[in-house]
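Student: File work.csv below, CSV, C-alpha atoms and all ligand atoms:
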chain,number,residue,atom,x,y,z
J,32,MET,CA,61.0,111.0,102.6
J,33,LEU,CA,63.0,113.1,100.1
J,34,ASP,CA,65.4,110.9,98.2
J,35,ILE,CA,68.1,113.6,98.1
J,36,LYS,CA,70.7,111.8,95.9
J,37,LYS,CA,68.1,110.8,93.3
J,38,GLU,CA,66.3,114.2,93.2
J,39,ASP,CA,69.6,116.0,93.1
J,40,LYS,CA,70.6,114.1,89.9
J,41,GLU,CA,67.3,114.7,88.3
J,42,ASN,CA,66.9,118.4,89.2
J,43,ILE,CA,70.4,119.9,89.4
J,44,LEU,CA,72.8,120.0,86.5
J,45,ASN,CA,75.2,117.1,86.7
J,46,THR,CA,78.4,119.2,86.7
J,47,TYR,CA,79.7,117.8,90.0
J,48,LYS,CA,80.7,114.3,90.6
J,49,ARG,CA,79.5,114.3,94.2
J,50,PHE,CA,80.8,112.0,96.9
J,51,ASP,CA,78.2,109.5,98.2
J,52,LEU,CA,77.4,111.5,101.2
J,53,VAL,CA,74.6,113.9,102.3
J,54,ILE,CA,76.0,116.2,104.9
J,55,LYS,CA,73.3,117.3,107.3
J,56,GLU,CA,75.0,119.4,110.0
J,57,GLY,CA,78.3,120.0,111.7
J,58,LYS,CA,80.2,121.6,114.5
J,59,GLY,CA,83.9,122.5,114.3
J,60,ALA,CA,85.7,119.8,112.3
J,61,THR,CA,83.0,117.2,112.8
J,62,PHE,CA,80.1,116.6,110.3
J,63,PHE,CA,77.1,114.4,110.6
J,64,ASP,CA,75.1,112.7,107.9
J,65,GLU,CA,71.3,112.0,108.0
J,66,SER,CA,71.7,108.8,110.0
J,67,GLY,CA,73.8,110.6,112.6
J,68,LYS,CA,77.1,109.0,111.5
J,69,LYS,CA,80.1,111.2,112.3
J,70,TYR,CA,82.8,112.4,110.0
J,71,ILE,CA,86.0,114.3,110.6
J,72,ASP,CA,86.1,117.1,108.1
J,73,PHE,CA,89.5,117.6,106.4
J,74,SER,CA,87.9,119.7,103.6
J,75,SER,CA,86.3,122.8,105.2
J,76,GLY,CA,84.0,123.2,102.3
J,77,ILE,CA,87.1,123.5,100.1
J,78,GLY,CA,89.0,125.7,102.5
J,79,THR,CA,86.1,128.0,103.3
J,80,ASN,CA,85.0,127.1,106.8
J,81,SER,CA,88.1,128.6,108.4
J,82,PHE,CA,86.8,127.9,111.9
J,83,GLY,CA,84.8,124.8,111.0
J,84,ALA,CA,81.1,124.4,111.0
J,85,CYS,CA,78.9,126.8,112.9
J,86,ASP,CA,81.6,128.5,114.9
J,87,ASP,CA,79.9,130.4,117.8
J,88,GLU,CA,81.5,133.8,117.3
J,89,TRP,CA,81.0,133.6,113.5
J,90,THR,CA,77.3,132.6,113.9
J,91,SER,CA,76.5,135.4,116.3
J,92,ALA,CA,78.2,138.0,114.0
J,93,ILE,CA,76.0,136.9,111.2
J,94,GLU,CA,72.9,136.7,113.4
J,95,LYS,CA,73.5,140.2,114.6
J,96,GLN,CA,73.8,141.7,111.2
J,97,ILE,CA,70.9,139.7,109.7
J,98,HIS,CA,68.6,141.3,112.2
J,99,LEU,CA,69.9,144.8,111.3
J,100,VAL,CA,69.8,144.6,107.5
J,101,GLN,CA,70.6,141.8,105.1
J,102,HIS,CA,71.6,143.8,102.1
J,103,THR,CA,71.7,147.4,100.9
J,104,SER,CA,73.5,147.3,97.5
J,105,ASN,CA,76.6,149.3,97.0
J,106,LEU,CA,74.7,152.5,96.4
J,107,PHE,CA,74.9,153.1,100.2
J,108,TYR,CA,77.5,153.1,102.9
J,109,THR,CA,77.5,150.3,105.4
J,110,GLU,CA,79.5,149.8,108.5
J,111,PRO,CA,80.5,146.1,108.1
J,112,GLN,CA,82.2,146.8,104.8
J,113,VAL,CA,84.1,149.8,106.2
J,114,ARG,CA,85.2,148.0,109.4
J,115,LEU,CA,86.4,145.0,107.4
J,116,ALA,CA,88.2,147.2,104.8
J,117,ILE,CA,90.1,149.1,107.6
J,118,LEU,CA,91.1,145.8,109.2
J,119,LEU,CA,92.3,144.3,105.9
J,120,CYS,CA,94.4,147.3,105.0
J,121,GLU,CA,95.8,147.5,108.5
J,122,LYS,CA,96.8,143.9,108.6
J,123,THR,CA,98.3,143.8,105.1
J,124,GLY,CA,99.6,147.3,104.5
J,125,MET,CA,97.6,147.4,101.3
J,126,LYS,CA,95.9,150.7,100.4
J,127,LYS,CA,92.4,150.0,99.2
J,128,VAL,CA,89.9,147.1,98.9
J,129,PHE,CA,87.1,146.1,96.6
J,130,PHE,CA,84.6,143.4,97.7
J,131,ALA,CA,83.3,140.6,95.5
J,132,ASN,CA,81.4,137.3,96.0
J,133,SER,CA,83.9,134.6,95.0
J,134,GLY,CA,87.4,133.8,94.0
J,135,ALA,CA,86.7,134.0,90.2
J,136,GLU,CA,85.2,137.4,90.6
J,137,ALA,CA,88.1,138.6,92.7
J,138,ASN,CA,90.5,137.5,90.0
J,139,GLU,CA,88.3,139.0,87.3
J,140,CYS,CA,88.6,142.3,89.1
J,141,ALA,CA,92.4,141.9,89.4
J,142,ILE,CA,92.7,141.2,85.7
J,143,LYS,CA,90.6,144.3,84.8
J,144,ALA,CA,92.6,146.5,87.2
J,145,ALA,CA,96.0,145.3,86.0
J,146,ARG,CA,95.0,146.0,82.4
J,147,LYS,CA,93.6,149.4,83.2
J,148,TYR,CA,96.7,150.4,85.2
J,149,SER,CA,98.8,149.6,82.1
J,150,TYR,CA,96.4,151.2,79.7
J,151,ASP,CA,96.3,154.4,81.7
J,152,LYS,CA,100.1,154.6,81.8
J,153,TYR,CA,101.4,152.9,78.6
J,154,GLY,CA,98.5,152.8,76.2
J,155,SER,CA,96.4,150.0,74.6
J,156,ASP,CA,99.2,147.6,73.4
J,157,ARG,CA,100.4,146.5,76.8
J,158,TYR,CA,97.9,144.0,78.1
J,159,GLU,CA,99.4,140.6,78.4
J,160,ILE,CA,99.2,138.8,81.7
J,161,ILE,CA,101.6,136.0,82.5
J,162,THR,CA,100.2,133.2,84.6
J,163,LEU,CA,101.7,129.8,85.3
J,164,VAL,CA,101.3,126.4,83.7
J,165,ASN,CA,99.0,124.3,86.0
J,166,SER,CA,97.5,127.3,87.7
J,167,PHE,CA,93.8,127.7,88.6
J,168,HIS,CA,92.2,131.1,88.8
J,169,GLY,CA,88.4,130.4,88.4
J,170,ARG,CA,85.6,129.4,86.0
J,171,THR,CA,84.6,132.6,84.3
J,172,ILE,CA,85.7,133.0,80.7
J,173,ALA,CA,88.5,135.4,81.6
J,174,THR,CA,89.7,133.5,84.7
J,175,LEU,CA,89.6,130.2,82.7
J,176,SER,CA,91.8,132.0,80.1
J,177,ALA,CA,94.1,132.9,83.0
J,178,THR,CA,94.1,129.3,84.1
J,179,GLY,CA,97.2,127.5,82.7
J,180,GLN,CA,95.7,124.0,82.2
J,181,ASP,CA,94.6,122.8,78.8
J,182,VAL,CA,91.8,120.7,80.2
J,183,PHE,CA,90.0,123.9,81.0
J,184,HIS,CA,90.4,125.3,77.5
J,185,ASN,CA,87.8,123.3,75.7
J,186,TYR,CA,84.3,124.0,74.2
J,187,PHE,CA,83.9,127.6,75.3
J,188,TYR,CA,85.7,129.4,72.5
J,189,PRO,CA,86.8,132.0,72.0
J,190,PHE,CA,88.7,132.5,75.3
J,191,VAL,CA,90.1,135.9,76.3
J,192,ASP,CA,93.2,136.9,74.5
J,193,GLY,CA,96.4,138.1,76.2
J,194,PHE,CA,97.4,135.3,78.6
J,195,LYS,CA,100.7,133.5,78.5
J,196,TYR,CA,101.7,130.6,80.7
J,197,ALA,CA,105.1,130.3,82.3
J,198,ILE,CA,106.6,127.1,83.7
J,199,ALA,CA,106.5,127.3,87.5
J,200,ASN,CA,109.9,127.8,89.2
J,201,ASP,CA,111.7,128.3,85.9
J,202,ILE,CA,113.0,131.8,86.0
J,203,ASP,CA,114.5,131.7,82.5
J,204,ASN,CA,111.3,130.6,81.0
J,205,LEU,CA,109.4,133.4,82.7
J,206,SER,CA,111.9,136.1,81.8
J,207,ASN,CA,111.7,135.0,78.1
J,208,LEU,CA,107.9,135.5,78.1
J,209,ILE,CA,108.2,139.1,79.4
J,210,ASN,CA,108.2,141.7,76.6
J,211,ASN,CA,106.8,145.2,75.9
J,212,LYS,CA,103.3,143.8,75.8
J,213,THR,CA,103.4,142.4,79.3
J,214,CYS,CA,101.4,144.2,82.0
J,215,ALA,CA,101.1,141.7,84.9
J,216,ILE,CA,102.3,138.4,86.4
J,217,MET,CA,99.8,136.4,88.4
J,218,ILE,CA,100.6,133.5,90.6
J,219,GLU,CA,99.4,131.3,93.4
J,220,THR,CA,102.2,130.7,95.8
J,221,ILE,CA,101.0,127.2,96.2
J,222,GLN,CA,99.0,125.8,93.2
J,223,GLY,CA,96.0,124.3,95.0
J,224,GLU,CA,93.8,122.7,92.3
J,225,GLY,CA,96.9,122.1,90.3
J,226,GLY,CA,98.1,119.5,92.9
J,227,VAL,CA,99.3,121.4,96.0
J,228,ASN,CA,102.6,122.5,94.5
J,229,ALA,CA,104.5,125.2,96.3
J,230,LEU,CA,106.5,127.7,94.3
J,231,ASN,CA,110.1,128.1,95.6
J,232,GLU,CA,111.2,131.3,97.4
J,233,GLU,CA,113.7,132.3,94.8
J,234,TYR,CA,111.1,132.3,92.0
J,235,ILE,CA,108.6,134.3,94.1
J,236,LYS,CA,111.2,136.9,94.9
J,237,TYR,CA,112.3,137.1,91.3
J,238,ILE,CA,108.7,137.9,90.2
J,239,ASP,CA,108.5,140.6,92.9
J,240,LYS,CA,111.7,142.1,91.6
J,241,ILE,CA,111.0,141.9,87.9
J,242,CYS,CA,107.5,143.4,88.4
J,243,LYS,CA,109.1,146.4,90.3
J,244,GLU,CA,111.8,146.9,87.7
J,245,LYS,CA,109.4,146.8,84.7
J,246,ASP,CA,106.4,148.4,86.4
J,247,LEU,CA,104.4,145.2,85.9
J,248,VAL,CA,101.4,144.5,88.2
J,249,PHE,CA,102.3,141.6,90.6
J,250,ILE,CA,99.1,139.8,91.4
J,251,VAL,CA,99.0,137.1,94.0
J,252,ASP,CA,95.9,134.8,93.9
J,253,GLU,CA,95.4,134.0,97.6
J,254,VAL,CA,92.0,132.6,97.1
J,255,GLN,CA,93.0,129.2,98.5
J,256,THR,CA,96.3,130.0,100.3
J,257,GLY,CA,95.0,133.1,102.1
J,258,ASN,CA,93.5,133.8,105.5
J,259,GLY,CA,95.8,131.8,107.7
J,260,ARG,CA,95.7,128.6,105.6
J,261,THR,CA,99.5,128.3,105.2
J,262,GLY,CA,100.3,129.6,108.7
J,263,TYR,CA,100.5,133.2,107.6
J,264,LEU,CA,97.7,135.8,107.2
J,265,TYR,CA,98.4,135.7,103.4
J,266,SER,CA,101.0,133.2,102.1
J,267,TYR,CA,103.1,135.8,100.3
J,268,MET,CA,104.0,137.3,103.7
J,269,GLU,CA,106.3,134.4,104.3
J,270,TYR,CA,108.6,135.7,101.6
J,271,GLY,CA,108.8,139.4,102.3
J,272,VAL,CA,107.5,140.3,98.9
J,273,SER,CA,105.0,143.1,98.2
J,274,PRO,CA,102.4,142.4,95.6
J,275,ASP,CA,100.4,145.1,93.9
J,276,ILE,CA,97.1,143.2,94.0
J,277,VAL,CA,96.1,140.3,96.3
J,278,THR,CA,92.9,138.4,95.7
J,279,THR,CA,91.2,136.4,98.4
J,280,ALA,CA,88.0,134.6,98.9
J,281,LYS,CA,87.5,131.0,100.1
J,282,GLY,CA,88.3,131.2,103.8
J,283,LEU,CA,87.7,134.9,104.1
J,284,ALA,CA,84.1,134.9,105.4
J,285,GLY,CA,84.4,131.5,107.1
J,286,GLY,CA,82.0,129.8,104.7
J,287,LEU,CA,79.8,132.5,103.3
J,288,PRO,CA,80.3,133.6,99.6
J,289,PHE,CA,82.7,136.5,99.7
J,290,GLY,CA,85.8,137.8,98.1
J,291,ALA,CA,88.1,140.8,98.4
J,292,ILE,CA,90.7,142.4,96.1
J,293,LEU,CA,93.4,144.3,97.9
J,294,PHE,CA,95.3,147.1,96.1
J,295,SER,CA,98.7,148.6,96.9
J,296,ASN,CA,99.1,152.4,96.6
J,297,LYS,CA,100.3,151.9,93.1
J,298,LEU,CA,96.8,150.9,92.0
J,299,GLU,CA,94.6,152.6,94.5
J,300,ASN,CA,93.1,155.0,91.9
J,301,THR,CA,93.2,152.6,88.9
J,302,LEU,CA,89.5,151.6,89.1
J,303,SER,CA,87.3,154.6,89.7
J,304,TYR,CA,83.6,155.6,89.4
J,305,GLY,CA,81.9,153.3,86.9
J,306,ASP,CA,84.9,151.1,86.2
J,307,HIS,CA,83.7,148.2,88.2
J,308,GLY,CA,80.8,147.1,90.3
J,309,THR,CA,78.7,144.3,91.7
J,310,THR,CA,75.2,144.0,93.3
J,311,PHE,CA,76.0,141.6,96.1
J,312,GLY,CA,79.8,142.2,96.6
J,313,GLY,CA,80.4,143.5,100.1
J,314,ASN,CA,77.1,142.2,101.4
J,315,PRO,CA,76.9,143.3,105.1
J,316,VAL,CA,76.2,139.8,106.4
J,317,CYS,CA,79.2,138.3,104.6
J,318,ALA,CA,81.3,141.3,105.6
J,319,SER,CA,80.4,140.8,109.2
J,320,ALA,CA,81.2,137.2,109.0
J,321,ALA,CA,84.6,138.0,107.4
J,322,TYR,CA,85.3,140.5,110.2
J,323,SER,CA,84.6,137.9,112.8
J,324,ILE,CA,87.1,135.6,111.1
J,325,LEU,CA,89.8,138.2,110.3
J,326,THR,CA,90.0,139.5,113.9
J,327,ARG,CA,91.0,136.0,115.0
J,328,LEU,CA,93.6,135.4,112.4
J,329,ASN,CA,96.5,136.0,114.8
J,330,ASP,CA,99.8,134.5,115.8
J,331,ASP,CA,98.2,132.0,118.2
J,332,LEU,CA,96.1,130.6,115.3
J,333,PHE,CA,99.1,130.6,112.9
J,334,ASN,CA,101.2,128.7,115.5
J,335,HIS,CA,98.3,126.2,115.9
J,336,VAL,CA,98.3,125.7,112.1
J,337,LYS,CA,102.0,125.1,112.1
J,338,GLU,CA,101.7,122.6,115.0
J,339,CYS,CA,99.0,120.7,113.1
J,340,ARG,CA,101.3,120.6,110.1
J,341,LYS,CA,104.0,119.0,112.2
J,342,ILE,CA,101.6,116.3,113.4
J,343,ILE,CA,100.5,115.6,109.9
J,344,GLU,CA,104.0,115.3,108.5
J,345,GLU,CA,105.2,113.3,111.5
J,346,ARG,CA,102.3,110.8,111.2
J,347,LEU,CA,102.5,110.4,107.4
J,348,LYS,CA,106.2,110.4,106.7
J,349,ASN,CA,106.9,106.8,107.5
J,350,GLU,CA,103.7,105.5,105.9
J,351,LYS,CA,104.7,102.9,103.3
J,352,ASN,CA,102.0,104.0,100.8
J,353,VAL,CA,102.8,107.7,101.1
J,354,ILE,CA,105.5,109.1,98.8
J,355,SER,CA,105.6,112.7,99.8
J,356,ILE,CA,103.8,115.5,101.5
J,357,SER,CA,103.5,118.9,99.8
J,358,GLY,CA,102.0,122.4,100.5
J,359,LYS,CA,102.3,124.4,103.7
J,360,GLY,CA,100.4,124.7,107.0
J,361,LEU,CA,97.0,123.2,106.7
J,362,MET,CA,97.1,123.1,102.9
J,363,VAL,CA,98.4,119.6,102.5
J,364,GLY,CA,99.0,117.5,99.4
J,365,ILE,CA,99.7,113.7,99.8
J,366,GLU,CA,101.4,111.9,97.0
J,367,LEU,CA,100.4,108.3,97.1
J,368,LYS,CA,102.4,105.3,96.0
J,369,GLU,CA,102.1,104.4,92.3
J,370,GLY,CA,98.9,102.6,91.5
J,371,ILE,CA,96.9,104.0,94.4
J,372,LYS,CA,94.2,106.4,93.1
J,373,ALA,CA,93.4,109.5,95.1
J,374,ILE,CA,89.7,109.3,94.3
J,375,ASP,CA,89.6,105.7,95.6
J,376,VAL,CA,91.2,106.8,98.8
J,377,ALA,CA,88.8,109.7,99.1
J,378,ASN,CA,85.8,107.4,98.7
J,379,GLN,CA,87.1,104.8,101.1
J,380,SER,CA,87.9,107.6,103.6
J,381,ILE,CA,84.4,108.8,103.5
J,382,LYS,CA,83.1,105.3,104.2
J,383,ASN,CA,85.5,105.2,107.2
J,384,GLY,CA,84.4,108.6,108.5
J,385,VAL,CA,86.9,111.2,107.4
J,386,ILE,CA,86.4,113.7,104.5
J,387,PRO,CA,89.5,114.5,102.5
J,388,LEU,CA,89.7,116.2,99.0
J,389,THR,CA,91.8,115.4,96.0
J,390,ALA,CA,93.9,117.6,93.8
J,391,LYS,CA,95.1,115.9,90.5
J,392,THR,CA,96.7,112.6,91.6
J,393,LYS,CA,97.1,113.7,95.2
J,394,ILE,CA,95.0,113.6,98.3
J,395,ARG,CA,94.5,117.1,99.5
J,396,LEU,CA,93.6,118.2,103.1
J,397,LEU,CA,92.2,121.6,104.0
J,398,PRO,CA,91.0,121.1,107.6
J,399,PRO,CA,89.5,123.9,109.6
J,400,LEU,CA,92.3,126.1,110.9
J,401,ASN,CA,91.2,125.6,114.5
J,402,ILE,CA,90.8,121.8,114.3
J,403,THR,CA,91.6,120.2,117.6
J,404,PHE,CA,94.6,117.9,118.0
J,405,ASP,CA,92.1,115.1,118.9
J,406,GLU,CA,90.0,115.6,115.7
J,407,LEU,CA,93.2,115.9,113.7
J,408,ASN,CA,94.6,112.6,115.0
J,409,LEU,CA,91.4,110.7,114.7
J,410,GLY,CA,91.0,112.0,111.1
J,411,LEU,CA,94.6,110.9,110.4
J,412,ASP,CA,94.0,107.4,111.9
J,413,LEU,CA,91.0,107.0,109.5
J,414,LEU,CA,92.8,108.4,106.5
J,415,ILE,CA,95.9,106.2,107.0
J,416,LYS,CA,93.6,103.2,107.5
J,417,SER,CA,91.8,104.1,104.2
J,418,ILE,CA,95.0,104.5,102.2
J,419,ASN,CA,96.2,101.1,103.4
J,420,GLU,CA,92.9,99.5,102.6
J,421,VAL,CA,92.9,100.8,99.1
J,422,ALA,CA,96.5,99.8,98.6
J,423,LYS,CA,95.7,96.2,99.3
P,501,LIG,C1,89.0,128.2,94.3
P,501,LIG,C2,89.9,129.1,93.6
P,501,LIG,C3,89.5,130.1,92.7
P,501,LIG,C4,88.0,130.2,92.3
P,501,LIG,O1,87.2,130.6,93.4
P,501,LIG,P1,85.6,130.5,93.3
P,501,LIG,O2,85.1,131.1,94.6
P,501,LIG,O3,85.3,129.1,93.1
P,501,LIG,O4,85.2,131.3,92.1
P,501,LIG,C5,90.4,130.9,92.2
P,501,LIG,N1,91.7,130.8,92.5
P,501,LIG,C6,92.2,129.8,93.3
P,501,LIG,C7,93.6,129.8,93.6
P,501,LIG,C8,91.3,128.9,93.9
P,501,LIG,O5,91.7,128.0,94.7
Just give me the structure as structure tokens.

Tutor:
Amino acid sequence: MLDIKKEDKENILNTYKRFDLVIKEGKGATFFDESGKKYIDFSSGIGTNSFGACDDEWTSAIEKQIHLVQHTSNLFYTEPQVRLAILLCEKTGMKKVFFANSGAEANECAIKAARKYSYDKYGSDRYEIITLVNSFHGRTIATLSATGQDVFHNYFYPFVDGFKYAIANDIDNLSNLINNKTCAIMIETIQGEGGVNALNEEYIKYIDKICKEKDLVFIVDEVQTGNGRTGYLYSYMEYGVSPDIVTTAKGLAGGLPFGAILFSNKLENTLSYGDHGTTFGGNPVCASAAYSILTRLNDDLFNHVKECRKIIEERLKNEKNVISISGKGLMVGIELKEGIKAIDVANQSIKNGVIPLTAKTKIRLLPPLNITFDELNLGLDLLIKSINEVAK
């Protein structure tokens, strides 16, 4: 029999510190390993499997398209892209869409568009993009440059020039960084990889206002927060702000590699013939998958996400080894009592049959959006048990 763990280490670059688990299959928020042992999934493939593993409607949307044509390139028109673009624009009020394959690529496109918008209107000296300390925007050289964490700024010099990092929730600090070179401000409303830290409303509204006043491009990276994750279609919608560019990926196609960049009418003509492109972006199978997800991101689902949040908070708030709970909706950060390591809790949880994630020093939960209350409660039982075992 294939020794998967051993052969993985020998044949695949060791860039991931994988958990000690081979996932074989799943349904909804339940995974099984090779021995048939069951796990409650609180990770959704890092927030990608919006409706869990192998959701029926999603599976049949993919199947249908895969028997029509799997790929055409962007040299031709295809129906799945157009149907999805119409729906994205309708649901967000944004004007145009570009399709990519991942979050990093979506942000790469946003960075290019913001700079070109400013170049077209103000010339070549206005190119700086302000992002936040502790942000995460991807692993390409440009998106690493946009990422405001020093740990990501090693080895791969030179990084891309023209990024400045503002301290989250500090309006004075941000306004001091804005000058006549600034072209854009880019934020996650909740810093996911950075530790599930939500920005406050006043700060988000200030960014919206200052971008409008100074004609800066307001970019919201919704790669992790988007597609219902926080109990809203896109997390910025909670605040009544209107970004110029919204990037989305992770949960968009329910677990297939896909991304989209949404442009307001301010930028609808910024990128034109030849300015940007991709071979796979907008792939019809992925676009069909995304359509089957997006049509079901409705108030019923958002209410379910908010109900799940209540259960999680209710069950964790009096736990003696839990200090605080952060994030929104089904994007949950759990701060543990001093001395309890998140990675130890994650390993113990997996032994006990629940799969969480970590973010910095916190446990992070990104369960499927349609997780059942039974699955949620069982997963929480196992998680709480694991935290307490590690604390001993
Ligand atoms: C995951 C993530 C990215 C990068 O997405 P990839 O698909 O891994 O390239 C970018 N921004 C945020 C906020 C993310 O959470």

Student: Compile the contact shell of Leu388 (chain J) as a list in words: residues with an atom at most 7 Å away, counting only C-alpha atoms, same-chain residues fewer than 5 positions apart removed.

Tutor: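 Everything that qualifies: Ser74, Ala377, Ile394, Arg395 and Leu396 of chain J.
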
Student: Restrict the selected residues to C-alpha atoms and save them as a compact mmCIF listing (two decimals), keeping the file's coordinate frame.

Tutor:
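The resulting file, out-v3.txt, is reproduced below:
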# COMPACT_ATOMS: atom_id res chain seq x y z
CA SER J 74 87.90 119.70 103.60
CA ALA J 377 88.80 109.70 99.10
CA ILE J 394 95.00 113.60 98.30
CA ARG J 395 94.50 117.10 99.50
CA LEU J 396 93.60 118.20 103.10

Student: Please check which residues have atoms at most 8 Å from (86.3, 152.0, 95.5) in the file's coordinates, counting all atoms listed in the file, and write them as a ChimeraX atom specification.

Tutor: /J:127-129,302-304

Student: Considering all atoms listed in the file, return as number ranges by chain whatever protein or nucleic-acid residues lie within 10 Å of region 183-193 of chain J, sequence-local ones (same chain, fewer than 2 positions apart) excluded.

Tutor: J: 157-161, 167, 169-181, 195, 212-214

Student: Could you tell me which of J:Gly312, J:Gly124, J:Gly370, J:Gly226 comes closest to Ser295 (chain J) if we count all atoms listed in the file?

Tutor: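 Using all atoms listed in the file, Ser295 (chain J) sits closest to J:Gly124.
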
Student: Give me, as a VMD selection string, all polymer residues having an atom no more than 10 Å from Lys68 (chain J), counting all atoms listed in the file and skipping those fewer than 6 positions away in the same chain.

Tutor: chain J and resid 54 62 384

Student: Residues within 10 Å of Ile276 (chain J), please, as a list in words. Count all atoms listed in the file; anything in the same chain fewer than 4 positions from it doesn't count.

Tutor: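 Contacts, with the query itself left out: Met125, Lys126, Lys127, Val128, Asn138, Cys140, Ala141, Ile142, Ala144, Ala145, Met217, Val248, Phe249, Ile250, Val251, Asp252, Ile292, Leu293, Phe294, Ser295, Asn296, Lys297, Leu298 and Glu299 of chain J.
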
Student: What is the distance between CA of Asn105 (chain J) and CA of Thr90 (chain J), in Å to one decimal?

Tutor: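 Interatomic distance, CA of Asn105 (chain J) to CA of Thr90 (chain J): 23.8 Å.
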
Student: Write out as JSON lines the residues of chain J that have any atom within 7 Å of an atom of ligand LIG 501 (chain P), one row each with the nearest atom pair and its distance in Å to one decimal, counting only C-alpha atoms and all ligand atoms, sorted by chain and then rising number.

Tutor:
{"residue": "J:Ser133", "atom": "CA", "partner": "P:LIG501", "partner_atom": "O2", "distance": 3.7}
{"residue": "J:Gly134", "atom": "CA", "partner": "P:LIG501", "partner_atom": "O1", "distance": 3.3}
{"residue": "J:Ala135", "atom": "CA", "partner": "P:LIG501", "partner_atom": "O4", "distance": 3.6}
{"residue": "J:Glu136", "atom": "CA", "partner": "P:LIG501", "partner_atom": "O4", "distance": 6.3}
{"residue": "J:Asn138", "atom": "CA", "partner": "P:LIG501", "partner_atom": "C5", "distance": 7.0}
{"residue": "J:Phe167", "atom": "CA", "partner": "P:LIG501", "partner_atom": "C6", "distance": 5.4}
{"residue": "J:His168", "atom": "CA", "partner": "P:LIG501", "partner_atom": "N1", "distance": 3.7}
{"residue": "J:Gly169", "atom": "CA", "partner": "P:LIG501", "partner_atom": "C4", "distance": 3.9}
{"residue": "J:Arg170", "atom": "CA", "partner": "P:LIG501", "partner_atom": "O4", "distance": 6.4}
{"residue": "J:Glu219", "atom": "CA", "partner": "P:LIG501", "partner_atom": "C7", "distance": 6.0}
{"residue": "J:Gln222", "atom": "CA", "partner": "P:LIG501", "partner_atom": "C7", "distance": 6.7}
{"residue": "J:Gly223", "atom": "CA", "partner": "P:LIG501", "partner_atom": "O5", "distance": 5.7}
{"residue": "J:Glu224", "atom": "CA", "partner": "P:LIG501", "partner_atom": "O5", "distance": 6.2}
{"residue": "J:Asp252", "atom": "CA", "partner": "P:LIG501", "partner_atom": "C7", "distance": 5.5}
{"residue": "J:Glu253", "atom": "CA", "partner": "P:LIG501", "partner_atom": "C7", "distance": 6.1}
{"residue": "J:Val254", "atom": "CA", "partner": "P:LIG501", "partner_atom": "C6", "distance": 4.7}
{"residue": "J:Gln255", "atom": "CA", "partner": "P:LIG501", "partner_atom": "O5", "distance": 4.2}
{"residue": "J:Ala280", "atom": "CA", "partner": "P:LIG501", "partner_atom": "O2", "distance": 6.3}
{"residue": "J:Lys281", "atom": "CA", "partner": "P:LIG501", "partner_atom": "O2", "distance": 6.0}

Student: Please work out which residues fall within 9 Å of (105.1, 123.9, 93.9), coordinates as given in the file, with only C-alpha atoms counting, and return them as a ChimeraX atom specification.

Tutor: /J:199-200,220-222,226-231,357-358

Student: What does the distance between CA of Lys391 (chain J) and CA of Arg49 (chain J) come to in Å, to one decimal place?

Tutor: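 According to the coordinates, CA of Lys391 (chain J) and CA of Arg49 (chain J) are separated by 16.1 Å.
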
Student: Would you compute the distance between CA of Ser81 (chain J) and CA of Thr310 (chain J)? Give it in Å to one decimal.

Tutor: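 Calculated distance between CA of Ser81 (chain J) and CA of Thr310 (chain J) is 25.1 Å.
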
Student: Please determine, counting all atoms listed in the file, which residue among J:Lys95, J:His307, J:Lys147, J:Lys382 has the shortest atom-to-atom distance to Lys69 (chain J).

Tutor: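 Of J:Lys95, J:His307, J:Lys147, J:Lys382, the one nearest Lys69 (chain J), counting all atoms listed in the file, is J:Lys382.
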
Student: Have a look at J:Leu163, J:Phe82, J:His335, J:Tyr148 and name the one nearest to Asp275 (chain J); count only C-alpha atoms.

Tutor: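 Smallest separation from Asp275 (chain J) among the options: J:Tyr148.
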
Student: Can you take the partial region 292-297 of chain J, add N, CA, C and O atoms, and return it as a short mmCIF file (atom, residue, chain, number, x, y, z; two decimals), in the frame of the given file?

Tutor:
data_model
loop_
_atom_site.label_atom_id
_atom_site.label_comp_id
_atom_site.auth_asym_id
_atom_site.auth_seq_id
_atom_site.Cartn_x
_atom_site.Cartn_y
_atom_site.Cartn_z
N ILE J 292 89.55 142.07 96.93
CA ILE J 292 90.70 142.40 96.10
C ILE J 292 91.42 143.52 96.83
O ILE J 292 90.82 144.57 97.07
N LEU J 293 92.69 143.30 97.18
CA LEU J 293 93.40 144.30 97.90
C LEU J 293 94.42 144.98 96.94
O LEU J 293 95.10 144.30 96.18
N PHE J 294 94.46 146.30 96.99
CA PHE J 294 95.30 147.10 96.10
C PHE J 294 96.39 147.82 96.84
O PHE J 294 96.09 148.48 97.85
N SER J 295 97.62 147.77 96.34
CA SER J 295 98.70 148.60 96.90
C SER J 295 98.48 150.04 96.45
O SER J 295 97.65 150.30 95.57
N ASN J 296 99.26 150.96 97.01
CA ASN J 296 99.10 152.40 96.60
C ASN J 296 99.30 152.61 95.14
O ASN J 296 98.75 153.53 94.57
N LYS J 297 100.11 151.73 94.51
CA LYS J 297 100.30 151.90 93.10
C LYS J 297 99.03 151.82 92.27
O LYS J 297 98.89 152.47 91.24
#
